[in-house]
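Structure file target_33.pdb (PDB, C-alpha atoms) follows.
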```
ATOM      1  CA  MET A   1       0.000   0.000   0.000  1.00  0.00           C
ATOM      2  CA  VAL A   2       2.856   2.371   0.807  1.00  0.00           C
ATOM      3  CA  GLU A   3       4.360   1.687  -2.611  1.00  0.00           C
ATOM      4  CA  ALA A   4       0.990   2.197  -4.316  1.00  0.00           C
ATOM      5  CA  PHE A   5       0.605   5.594  -2.657  1.00  0.00           C
ATOM      6  CA  ARG A   6       4.204   6.539  -3.402  1.00  0.00           C
ATOM      7  CA  ASN A   7       3.569   5.718  -7.068  1.00  0.00           C
ATOM      8  CA  GLN A   8       0.707   8.223  -6.909  1.00  0.00           C
ATOM      9  CA  GLY A   9       3.058  10.914  -5.571  1.00  0.00           C
ATOM     10  CA  TRP A  10       2.270  10.745  -1.849  1.00  0.00           C
ATOM     11  CA  SER A  11       5.181  10.877   0.561  1.00  0.00           C
ATOM     12  CA  ILE A  12       4.445   8.176   3.129  1.00  0.00           C
ATOM     13  CA  PRO A  13       7.009   6.707   5.511  1.00  0.00           C
ATOM     14  CA  CYS A  14       7.240   2.926   5.427  1.00  0.00           C
ATOM     15  CA  PRO A  15       6.445   1.441   8.846  1.00  0.00           C
ATOM     16  CA  GLN A  16       8.383  -1.548  10.195  1.00  0.00           C
ATOM     17  CA  ALA A  17       5.218  -3.536  10.946  1.00  0.00           C
ATOM     18  CA  THR A  18       1.630  -2.404  11.307  1.00  0.00           C
ATOM     19  CA  LEU A  19      -2.004  -3.027  10.479  1.00  0.00           C
ATOM     20  CA  TYR A  20      -2.531   0.673   9.767  1.00  0.00           C
ATOM     21  CA  LEU A  21      -1.008   3.482   7.760  1.00  0.00           C
ATOM     22  CA  TRP A  22      -1.120   7.061   8.981  1.00  0.00           C
ATOM     23  CA  VAL A  23      -1.283   9.151   5.817  1.00  0.00           C
ATOM     24  CA  PRO A  24      -0.900  12.938   5.738  1.00  0.00           C
ATOM     25  CA  LEU A  25      -3.622  14.685   3.787  1.00  0.00           C
ATOM     26  CA  PRO A  26      -2.713  17.122   1.002  1.00  0.00           C
ATOM     27  CA  PRO A  27      -2.984  20.852   1.832  1.00  0.00           C
ATOM     28  CA  PRO A  28      -6.573  21.507   0.735  1.00  0.00           C
ATOM     29  CA  TRP A  29      -7.802  18.821   3.141  1.00  0.00           C
ATOM     30  CA  GLN A  30      -5.361  19.135   6.071  1.00  0.00           C
ATOM     31  CA  GLN A  31      -7.675  21.200   8.230  1.00  0.00           C
ATOM     32  CA  ASP A  32     -10.632  18.797   8.228  1.00  0.00           C
ATOM     33  CA  SER A  33      -9.940  15.073   8.086  1.00  0.00           C
ATOM     34  CA  VAL A  34     -13.600  14.284   8.848  1.00  0.00           C
ATOM     35  CA  ARG A  35     -14.763  16.276   5.824  1.00  0.00           C
ATOM     36  CA  PHE A  36     -12.195  14.470   3.665  1.00  0.00           C
ATOM     37  CA  CYS A  37     -13.286  11.037   4.871  1.00  0.00           C
ATOM     38  CA  LEU A  38     -16.979  11.800   4.352  1.00  0.00           C
ATOM     39  CA  ALA A  39     -16.382  13.191   0.853  1.00  0.00           C
ATOM     40  CA  LEU A  40     -14.206  10.211  -0.070  1.00  0.00           C
ATOM     41  CA  LEU A  41     -16.798   7.752   1.242  1.00  0.00           C
ATOM     42  CA  GLU A  42     -19.612   9.439  -0.662  1.00  0.00           C
ATOM     43  CA  ALA A  43     -17.634   9.600  -3.920  1.00  0.00           C
ATOM     44  CA  THR A  44     -15.900   6.201  -3.853  1.00  0.00           C
ATOM     45  CA  GLY A  45     -17.346   3.988  -1.129  1.00  0.00           C
ATOM     46  CA  ILE A  46     -13.907   3.855   0.526  1.00  0.00           C
ATOM     47  CA  ALA A  47     -14.037   4.345   4.290  1.00  0.00           C
ATOM     48  CA  LEU A  48     -10.982   5.713   6.102  1.00  0.00           C
ATOM     49  CA  SER A  49     -10.650   6.865   9.691  1.00  0.00           C
ATOM     50  CA  PRO A  50     -10.199  10.619  10.163  1.00  0.00           C
ATOM     51  CA  GLY A  51      -7.103  11.405  12.180  1.00  0.00           C
ATOM     52  CA  SER A  52      -8.993  13.875  14.352  1.00  0.00           C
ATOM     53  CA  GLY A  53     -10.868  10.932  15.860  1.00  0.00           C
ATOM     54  CA  PHE A  54      -7.605   9.940  17.567  1.00  0.00           C
ATOM     55  CA  GLY A  55      -6.968  13.309  19.205  1.00  0.00           C
ATOM     56  CA  GLY A  56      -5.871  16.776  18.166  1.00  0.00           C
ATOM     57  CA  GLY A  57      -2.502  15.591  16.894  1.00  0.00           C
ATOM     58  CA  GLY A  58      -4.258  13.366  14.377  1.00  0.00           C
ATOM     59  CA  GLU A  59      -5.863  16.203  12.451  1.00  0.00           C
ATOM     60  CA  GLY A  60      -4.475  16.440   8.947  1.00  0.00           C
ATOM     61  CA  TYR A  61      -4.049  12.669   8.677  1.00  0.00           C
ATOM     62  CA  VAL A  62      -6.183   9.648   7.877  1.00  0.00           C
ATOM     63  CA  ARG A  63      -5.727   6.116   9.142  1.00  0.00           C
ATOM     64  CA  ILE A  64      -5.933   3.332   6.594  1.00  0.00           C
ATOM     65  CA  ALA A  65      -6.536  -0.197   7.845  1.00  0.00           C
ATOM     66  CA  LEU A  66      -4.511  -2.767   5.897  1.00  0.00           C
ATOM     67  CA  VAL A  67      -7.083  -5.523   6.291  1.00  0.00           C
ATOM     68  CA  GLN A  68      -7.930  -6.253   2.659  1.00  0.00           C
ATOM     69  CA  PRO A  69      -6.028  -8.323   0.081  1.00  0.00           C
ATOM     70  CA  PRO A  70      -3.170  -6.450  -1.638  1.00  0.00           C
ATOM     71  CA  GLU A  71      -5.053  -6.077  -4.920  1.00  0.00           C
ATOM     72  CA  VAL A  72      -7.973  -4.405  -3.126  1.00  0.00           C
ATOM     73  CA  LEU A  73      -5.603  -2.029  -1.319  1.00  0.00           C
ATOM     74  CA  VAL A  74      -3.854  -1.077  -4.574  1.00  0.00           C
ATOM     75  CA  ALA A  75      -7.223  -0.425  -6.233  1.00  0.00           C
ATOM     76  CA  ALA A  76      -8.231   1.712  -3.240  1.00  0.00           C
ATOM     77  CA  ALA A  77      -5.005   3.732  -3.485  1.00  0.00           C
ATOM     78  CA  LYS A  78      -5.758   4.401  -7.147  1.00  0.00           C
ATOM     79  CA  ALA A  79      -9.345   5.419  -6.389  1.00  0.00           C
ATOM     80  CA  ILE A  80      -8.173   7.759  -3.607  1.00  0.00           C
ATOM     81  CA  ASP A  81      -5.657   9.344  -5.982  1.00  0.00           C
ATOM     82  CA  GLU A  82      -8.357   9.840  -8.631  1.00  0.00           C
ATOM     83  CA  PHE A  83     -10.628  11.390  -6.000  1.00  0.00           C
ATOM     84  CA  LEU A  84      -7.881  13.817  -4.978  1.00  0.00           C
ATOM     85  CA  HIS A  85      -7.285  14.858  -8.578  1.00  0.00           C
ATOM     86  CA  GLN A  86     -11.017  15.475  -9.077  1.00  0.00           C
ATOM     87  CA  ASN A  87     -11.393  17.329  -5.756  1.00  0.00           C
ATOM     88  CA  PRO A  88      -8.287  19.503  -5.314  1.00  0.00           C
TER      89      PRO A  88
END
```
Write-out of the structure in structure tokens:
Amino acid sequence: MVEAFRNQGWSIPCPQATLYLWVPLPPPWQQDSVRFCLALLEATGIALSPGSGFGGGGEGYVRIALVQPPEVLVAAAKAIDEFLHQNP
């Protein structure tokens, strides 16, 4: 998933081991992770966790659960990238 996002141009650090990725949102969305997650869900059906739900330091990030098969995660990364390009 990290590689799929990196191929889309996102700068995401590669964790050592995890079930989740913490992904920084691009500037237009950094101030409202809930709004981003709701808009993404409505447009694509992809549900992410807004960082603000994990405390003030989480705002500007989303949490992605890595609980689907790799091909589903890669397709989701592509759909998220397309959403971002359509909703700058």
Check: Residues around (-3.3, 7.9, -4.7), cut-off 6 Å, counting all atoms listed in the file - what are they as a ChimeraX atom specification?
Finding: /A:5,8,77-78,80-81
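Atom to atom, atom CA of A:Leu48 and atom CA of A:Gly9 stand 19.0 Å apart.
Checking A:Ala39, A:Ala65, A:Ala79, A:Leu84 one by one against A:Tyr20, counting only C-alpha atoms, you find the shortest gap at A:Ala65.
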Note to self: Here's the selection I'm unsure about, the PyMOL selection byres ((chain A and resi 11) around 9); applied to the file above, which residues does it give, as a VMD selection string?
What the structure shows: chain A and resid 2 5 to 6 9 to 10 12 to 13 23 to 24
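Interatomic distance, atom CA of A:Ser49 against atom CA of A:Leu21: 10.4 Å.
Nearest residue to A:Glu59, choosing from A:Gln86, A:Ala76, A:Cys14, A:Trp29 and counting only C-alpha atoms: A:Trp29.
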Next item on the list: Write out as JSON, numbers by chain each polymer residue whose atoms come within 12 Å of A:Gln30, counting all atoms listed in the file; drop sequence neighbours fewer than 2 positions from it.
Entry: {"A": [23, 24, 25, 26, 27, 28, 32, 33, 34, 35, 36, 37, 50, 51, 52, 57, 58, 59, 60, 61, 62, 88]}
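When atom CA of A:Leu19 is paired with atom CA of A:Ala4, their separation reads 16.0 Å.
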Generate the coordinates of N, CA and C atoms for stretch 12-43 of chain A; report them as a short mmCIF file (atom, residue, chain, number, x, y, z; two decimals), keeping the file's coordinate frame.
```
data_model
loop_
_atom_site.label_atom_id
_atom_site.label_comp_id
_atom_site.auth_asym_id
_atom_site.auth_seq_id
_atom_site.Cartn_x
_atom_site.Cartn_y
_atom_site.Cartn_z
N ILE A 12 4.89 8.91 1.96
CA ILE A 12 4.44 8.18 3.13
C ILE A 12 5.61 7.36 3.67
N PRO A 13 5.93 7.53 4.94
CA PRO A 13 7.01 6.71 5.51
C PRO A 13 6.58 5.25 5.59
N CYS A 14 7.52 4.36 5.39
CA CYS A 14 7.24 2.93 5.43
C CYS A 14 7.42 2.41 6.86
N PRO A 15 6.34 1.95 7.48
CA PRO A 15 6.44 1.44 8.85
C PRO A 15 7.15 0.08 8.88
N GLN A 16 7.71 -0.26 10.02
CA GLN A 16 8.38 -1.55 10.20
C GLN A 16 7.36 -2.69 10.17
N ALA A 17 6.28 -2.54 10.90
CA ALA A 17 5.22 -3.54 10.95
C ALA A 17 3.97 -2.86 11.50
N THR A 18 2.85 -3.05 10.85
CA THR A 18 1.63 -2.40 11.31
C THR A 18 0.41 -2.96 10.58
N LEU A 19 -0.74 -2.73 11.15
CA LEU A 19 -2.00 -3.03 10.48
C LEU A 19 -2.62 -1.76 9.91
N TYR A 20 -1.98 -0.61 10.18
CA TYR A 20 -2.53 0.67 9.77
C TYR A 20 -1.44 1.53 9.14
N LEU A 21 -1.88 2.42 8.25
CA LEU A 21 -1.01 3.48 7.76
C LEU A 21 -1.59 4.81 8.22
N TRP A 22 -0.74 5.69 8.69
CA TRP A 22 -1.12 7.06 8.98
C TRP A 22 -0.65 7.89 7.79
N VAL A 23 -1.59 8.47 7.06
CA VAL A 23 -1.28 9.15 5.82
C VAL A 23 -1.61 10.64 5.96
N PRO A 24 -0.62 11.50 5.69
CA PRO A 24 -0.90 12.94 5.74
C PRO A 24 -1.77 13.34 4.56
N LEU A 25 -2.75 14.18 4.84
CA LEU A 25 -3.62 14.68 3.79
C LEU A 25 -2.95 15.83 3.04
N PRO A 26 -3.26 15.99 1.75
CA PRO A 26 -2.71 17.12 1.00
C PRO A 26 -3.30 18.44 1.52
N PRO A 27 -2.61 19.55 1.26
CA PRO A 27 -2.98 20.85 1.83
C PRO A 27 -4.46 21.23 1.77
N PRO A 28 -5.18 21.04 0.69
CA PRO A 28 -6.57 21.51 0.74
C PRO A 28 -7.42 20.79 1.78
N TRP A 29 -7.00 19.63 2.22
CA TRP A 29 -7.80 18.82 3.14
C TRP A 29 -7.22 18.76 4.55
N GLN A 30 -6.06 19.31 4.80
CA GLN A 30 -5.36 19.14 6.07
C GLN A 30 -6.11 19.66 7.28
N GLN A 31 -7.00 20.59 7.08
CA GLN A 31 -7.68 21.20 8.23
C GLN A 31 -8.94 20.46 8.67
N ASP A 32 -9.37 19.47 7.88
CA ASP A 32 -10.63 18.80 8.23
C ASP A 32 -10.63 17.36 7.72
N SER A 33 -10.03 16.48 8.49
CA SER A 33 -9.94 15.07 8.09
C SER A 33 -11.31 14.40 8.06
N VAL A 34 -12.24 14.85 8.88
CA VAL A 34 -13.60 14.28 8.85
C VAL A 34 -14.26 14.62 7.52
N ARG A 35 -14.17 15.85 7.10
CA ARG A 35 -14.76 16.28 5.82
C ARG A 35 -14.17 15.47 4.68
N PHE A 36 -12.84 15.27 4.70
CA PHE A 36 -12.20 14.47 3.66
C PHE A 36 -12.76 13.05 3.65
N CYS A 37 -12.82 12.42 4.80
CA CYS A 37 -13.29 11.04 4.87
C CYS A 37 -14.74 10.90 4.41
N LEU A 38 -15.58 11.84 4.79
CA LEU A 38 -16.98 11.80 4.35
C LEU A 38 -17.10 12.00 2.84
N ALA A 39 -16.35 12.95 2.30
CA ALA A 39 -16.38 13.19 0.85
C ALA A 39 -15.86 11.99 0.08
N LEU A 40 -14.77 11.39 0.58
CA LEU A 40 -14.21 10.21 -0.07
C LEU A 40 -15.20 9.05 -0.04
N LEU A 41 -15.82 8.84 1.10
CA LEU A 41 -16.80 7.75 1.24
C LEU A 41 -17.96 7.95 0.28
N GLU A 42 -18.48 9.14 0.22
CA GLU A 42 -19.61 9.44 -0.66
C GLU A 42 -19.24 9.24 -2.13
N ALA A 43 -18.04 9.66 -2.52
CA ALA A 43 -17.63 9.60 -3.92
C ALA A 43 -17.16 8.22 -4.36
#
```
